[in-house]
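Novice: To be precise about what I am sending: the file is called structure_7.txt and holds compact mmCIF, C-alpha atoms.
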```txt
# COMPACT_ATOMS: atom_id res chain seq x y z
CA GLN E 1 -10.78 -11.92 11.83
CA VAL E 2 -7.78 -10.76 9.86
CA GLN E 3 -6.89 -7.12 10.34
CA LEU E 4 -4.53 -4.96 8.34
CA VAL E 5 -3.33 -1.84 10.11
CA GLU E 6 -1.86 1.00 8.06
CA SER E 7 0.27 3.83 9.36
CA GLY E 8 2.54 6.56 8.07
CA GLY E 9 0.17 8.88 6.28
CA GLY E 10 0.21 12.63 6.73
CA LEU E 11 0.78 15.99 5.11
CA VAL E 12 3.84 16.43 2.91
CA GLN E 13 4.97 19.09 0.47
CA PRO E 14 5.27 18.37 -3.25
CA GLY E 15 8.55 16.62 -3.95
CA GLY E 16 8.65 15.14 -0.48
CA SER E 17 8.61 11.56 0.73
CA LEU E 18 6.53 9.36 3.00
CA ARG E 19 6.68 5.71 3.96
CA LEU E 20 3.49 3.81 4.64
CA SER E 21 3.44 0.65 6.70
CA CYS E 22 0.94 -2.20 6.79
CA ALA E 23 1.01 -4.77 9.56
CA PRO E 24 -1.38 -7.74 9.35
CA SER E 25 -2.75 -9.34 12.51
CA GLY E 26 -1.69 -12.74 11.26
CA SER E 27 1.45 -13.95 9.58
CA ILE E 28 2.49 -12.15 6.45
CA PHE E 29 3.24 -15.57 4.97
CA SER E 30 -0.50 -16.29 4.90
CA PHE E 31 -0.93 -13.89 2.01
CA SER E 32 -0.23 -14.79 -1.61
CA ILE E 33 -0.15 -11.14 -2.54
CA MET E 34 -0.18 -7.85 -0.70
CA GLY E 35 -0.62 -4.42 -2.10
CA TRP E 36 -1.53 -0.80 -1.78
CA TYR E 37 -4.52 0.90 -3.33
CA ARG E 38 -5.67 4.49 -3.13
CA GLN E 39 -8.85 6.47 -3.48
CA ALA E 40 -8.84 10.16 -4.18
CA PRO E 41 -11.90 12.35 -3.50
CA GLY E 42 -14.54 11.75 -6.12
CA LYS E 43 -12.61 8.94 -7.76
CA GLU E 44 -12.67 5.17 -7.70
CA ARG E 45 -10.19 3.11 -5.75
CA GLU E 46 -7.16 2.26 -7.87
CA LEU E 47 -4.20 -0.05 -7.63
CA VAL E 48 -0.91 1.54 -6.62
CA ALA E 49 1.44 -1.39 -6.16
CA THR E 50 1.42 -5.11 -5.40
CA LEU E 51 3.96 -7.62 -4.14
CA THR E 52 3.57 -11.37 -4.45
CA SER E 53 4.87 -14.00 -2.09
CA GLY E 54 7.46 -14.70 -4.76
CA ASP E 55 8.63 -11.07 -4.62
CA LYS E 56 7.16 -10.08 -7.95
CA THR E 57 6.11 -6.43 -7.99
CA ASN E 58 3.61 -4.49 -10.07
CA TYR E 59 3.08 -0.73 -10.15
CA ALA E 60 0.59 1.69 -11.56
CA VAL E 61 2.08 3.67 -14.42
CA SER E 62 1.51 6.90 -12.52
CA VAL E 63 3.78 5.85 -9.63
CA LYS E 64 6.40 3.71 -11.37
CA GLY E 65 9.88 4.98 -10.60
CA ARG E 66 8.66 7.02 -7.62
CA PHE E 67 7.07 4.43 -5.31
CA THR E 68 8.55 1.19 -4.02
CA ILE E 69 6.68 -1.64 -2.34
CA SER E 70 8.66 -3.94 -0.08
CA ARG E 71 8.28 -6.44 2.71
CA ASP E 72 10.17 -7.06 5.96
CA ASN E 73 9.37 -10.60 7.02
CA THR E 74 11.09 -10.19 10.38
CA LYS E 75 8.76 -7.29 11.21
CA ASN E 76 5.72 -8.86 9.53
CA THR E 77 5.19 -5.58 7.68
CA VAL E 78 4.71 -4.37 4.11
CA TYR E 79 5.89 -0.90 3.17
CA LEU E 80 5.20 1.64 0.47
CA GLN E 81 8.02 4.12 0.06
CA MET E 82 6.72 7.16 -1.78
CA ASN E 83 9.18 9.66 -3.20
CA SER E 84 8.79 12.74 -5.39
CA LEU E 85 5.22 13.09 -4.24
CA LYS E 86 2.81 15.14 -6.32
CA PRO E 87 -0.47 16.81 -5.39
CA GLU E 88 -2.26 14.20 -7.49
CA ASP E 89 -0.97 11.51 -5.13
CA THR E 90 -3.31 12.90 -2.48
CA ALA E 91 -5.67 10.10 -1.46
CA VAL E 92 -6.60 7.63 1.20
CA TYR E 93 -4.20 4.71 0.87
CA TYR E 94 -5.44 1.23 1.67
CA CYS E 95 -3.46 -1.89 2.38
CA ASN E 96 -4.78 -5.07 0.80
CA GLY E 97 -3.87 -8.66 1.46
CA ARG E 98 -5.15 -11.70 -0.44
CA TYR E 99 -5.07 -15.13 1.14
CA TYR E 100 -4.12 -18.14 -0.94
CA ASN E 101 -7.83 -19.11 -0.97
CA GLY E 102 -8.64 -15.84 -2.76
CA ILE E 103 -10.20 -13.96 0.11
CA ASP E 104 -9.27 -10.28 0.22
CA TYR E 105 -8.70 -8.27 3.38
CA TRP E 106 -8.50 -4.51 3.62
CA GLY E 107 -7.18 -2.00 6.08
CA LYS E 108 -9.13 1.07 7.10
CA GLY E 109 -6.87 3.41 5.18
CA THR E 110 -4.43 6.19 5.91
CA LEU E 111 -4.69 9.68 4.44
CA VAL E 112 -1.84 11.12 2.39
CA THR E 113 -2.08 14.80 1.54
CA VAL E 114 0.45 16.40 -0.79
CA SER E 115 0.19 20.15 -0.62
CA SER E 116 2.28 23.25 -0.16
```
Let me see the structure of the file written as structure tokens.

Specialist:
Amino acid sequence: QVQLVESGGGLVQPGGSLRLSCAPSGSIFSFSIMGWYRQAPGKERELVATLTSGDKTNYAVSVKGRFTISRDNTKNTVYLQMNSLKPEDTAVYYCNGRYYNGIDYWGKGTLVTVSS
């Protein structure tokens, strides 16, 4: 069973930064694409950012220029660097990984709260 373990969430003031990490139980090279999604209270889960095995990135309009998705192959970890955080970024952030056969795997989520 593939597991994705997120870490790095917490409480941060508006304008602050956080870095989320996602470490899969298997090799990161098993995934054709990895990404971050978020779900705010009362809202549907939405895409935040994705990163393909070919290093192509995609971002939601709301986070473009503020968030950066990256991968460290030596640490088998995907990151989401979040800068200039806003209260509307408050959500549970989920790591997603899609195998080359199309199967999706999800982490359990990590809570990010942006508040003064």

Novice: By how many Å are atom CA of Asp72 of chain E and atom CA of Val114 of chain E apart?

Specialist: 26.3 Å

Novice: Would you list the residues near (5.3, -0.3, 3.7), meaning any protein, DNA or RNA residue with an atom at most 8 Å from that point in file coordinates, counting all atoms listed in the file, as a list in words?

Specialist: Arg19, Leu20, Ser21, Cys22, Ile69, Ser70, Arg71, Thr77, Val78, Tyr79, Leu80 and Gln81 of chain E

Novice: I need the residues from that last selection saved to file as a short mmCIF file (atom, residue, chain, number, x, y, z; two decimals), in the coordinates of the input (with C-alpha atoms), if you can.

Specialist:
```cif
data_model
loop_
_atom_site.label_atom_id
_atom_site.label_comp_id
_atom_site.auth_asym_id
_atom_site.auth_seq_id
_atom_site.Cartn_x
_atom_site.Cartn_y
_atom_site.Cartn_z
CA ARG E 19 6.68 5.71 3.96
CA LEU E 20 3.49 3.81 4.64
CA SER E 21 3.44 0.65 6.70
CA CYS E 22 0.94 -2.20 6.79
CA ILE E 69 6.68 -1.64 -2.34
CA SER E 70 8.66 -3.94 -0.08
CA ARG E 71 8.28 -6.44 2.71
CA THR E 77 5.19 -5.58 7.68
CA VAL E 78 4.71 -4.37 4.11
CA TYR E 79 5.89 -0.90 3.17
CA LEU E 80 5.20 1.64 0.47
CA GLN E 81 8.02 4.12 0.06
#
```

Novice: Could you tell me which of E:Lys108, E:Arg38, E:Lys43, E:Lys75 comes closest to Val63 of chain E if we count only C-alpha atoms?

Specialist: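 Closest candidate: E:Arg38.
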
Novice: Box time for segment 88-102 of chain E: axis-aligned, enclosing all its listed atoms, 3 Å extra on each side; report centre and edge lengths in Å to one decimal, as lines of an AutoDock Vina configuration file.

Specialist:
```
center_x = -4.8
center_y = -2.5
center_z = -2.6
size_x = 13.7
size_y = 39.3
size_z = 15.9
```

Novice: Take the point (-6.0, 1.9, -10.2) as written in the file and pick out every residue within 10 Å of it, counting only C-alpha atoms; give the list as a PDB file with C-alpha atoms, in the coordinates of the input.

Specialist:
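Result saved to point.pdb:
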```
ATOM      1  CA  TRP E  36      -1.530  -0.800  -1.780  1.00  0.00           C
ATOM      2  CA  TYR E  37      -4.520   0.900  -3.330  1.00  0.00           C
ATOM      3  CA  ARG E  38      -5.670   4.490  -3.130  1.00  0.00           C
ATOM      4  CA  GLN E  39      -8.850   6.470  -3.480  1.00  0.00           C
ATOM      5  CA  LYS E  43     -12.610   8.940  -7.760  1.00  0.00           C
ATOM      6  CA  GLU E  44     -12.670   5.170  -7.700  1.00  0.00           C
ATOM      7  CA  ARG E  45     -10.190   3.110  -5.750  1.00  0.00           C
ATOM      8  CA  GLU E  46      -7.160   2.260  -7.870  1.00  0.00           C
ATOM      9  CA  LEU E  47      -4.200  -0.050  -7.630  1.00  0.00           C
ATOM     10  CA  VAL E  48      -0.910   1.540  -6.620  1.00  0.00           C
ATOM     11  CA  ALA E  49       1.440  -1.390  -6.160  1.00  0.00           C
ATOM     12  CA  TYR E  59       3.080  -0.730 -10.150  1.00  0.00           C
ATOM     13  CA  ALA E  60       0.590   1.690 -11.560  1.00  0.00           C
ATOM     14  CA  VAL E  61       2.080   3.670 -14.420  1.00  0.00           C
ATOM     15  CA  SER E  62       1.510   6.900 -12.520  1.00  0.00           C
TER      16      SER E  62
END
```

Novice: Please report the interatomic distance between atom CA of Ser84 of chain E and atom CA of Ala40 of chain E in Å with one decimal.

Specialist: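 Between atom CA of Ser84 of chain E and atom CA of Ala40 of chain E the gap is 17.9 Å.
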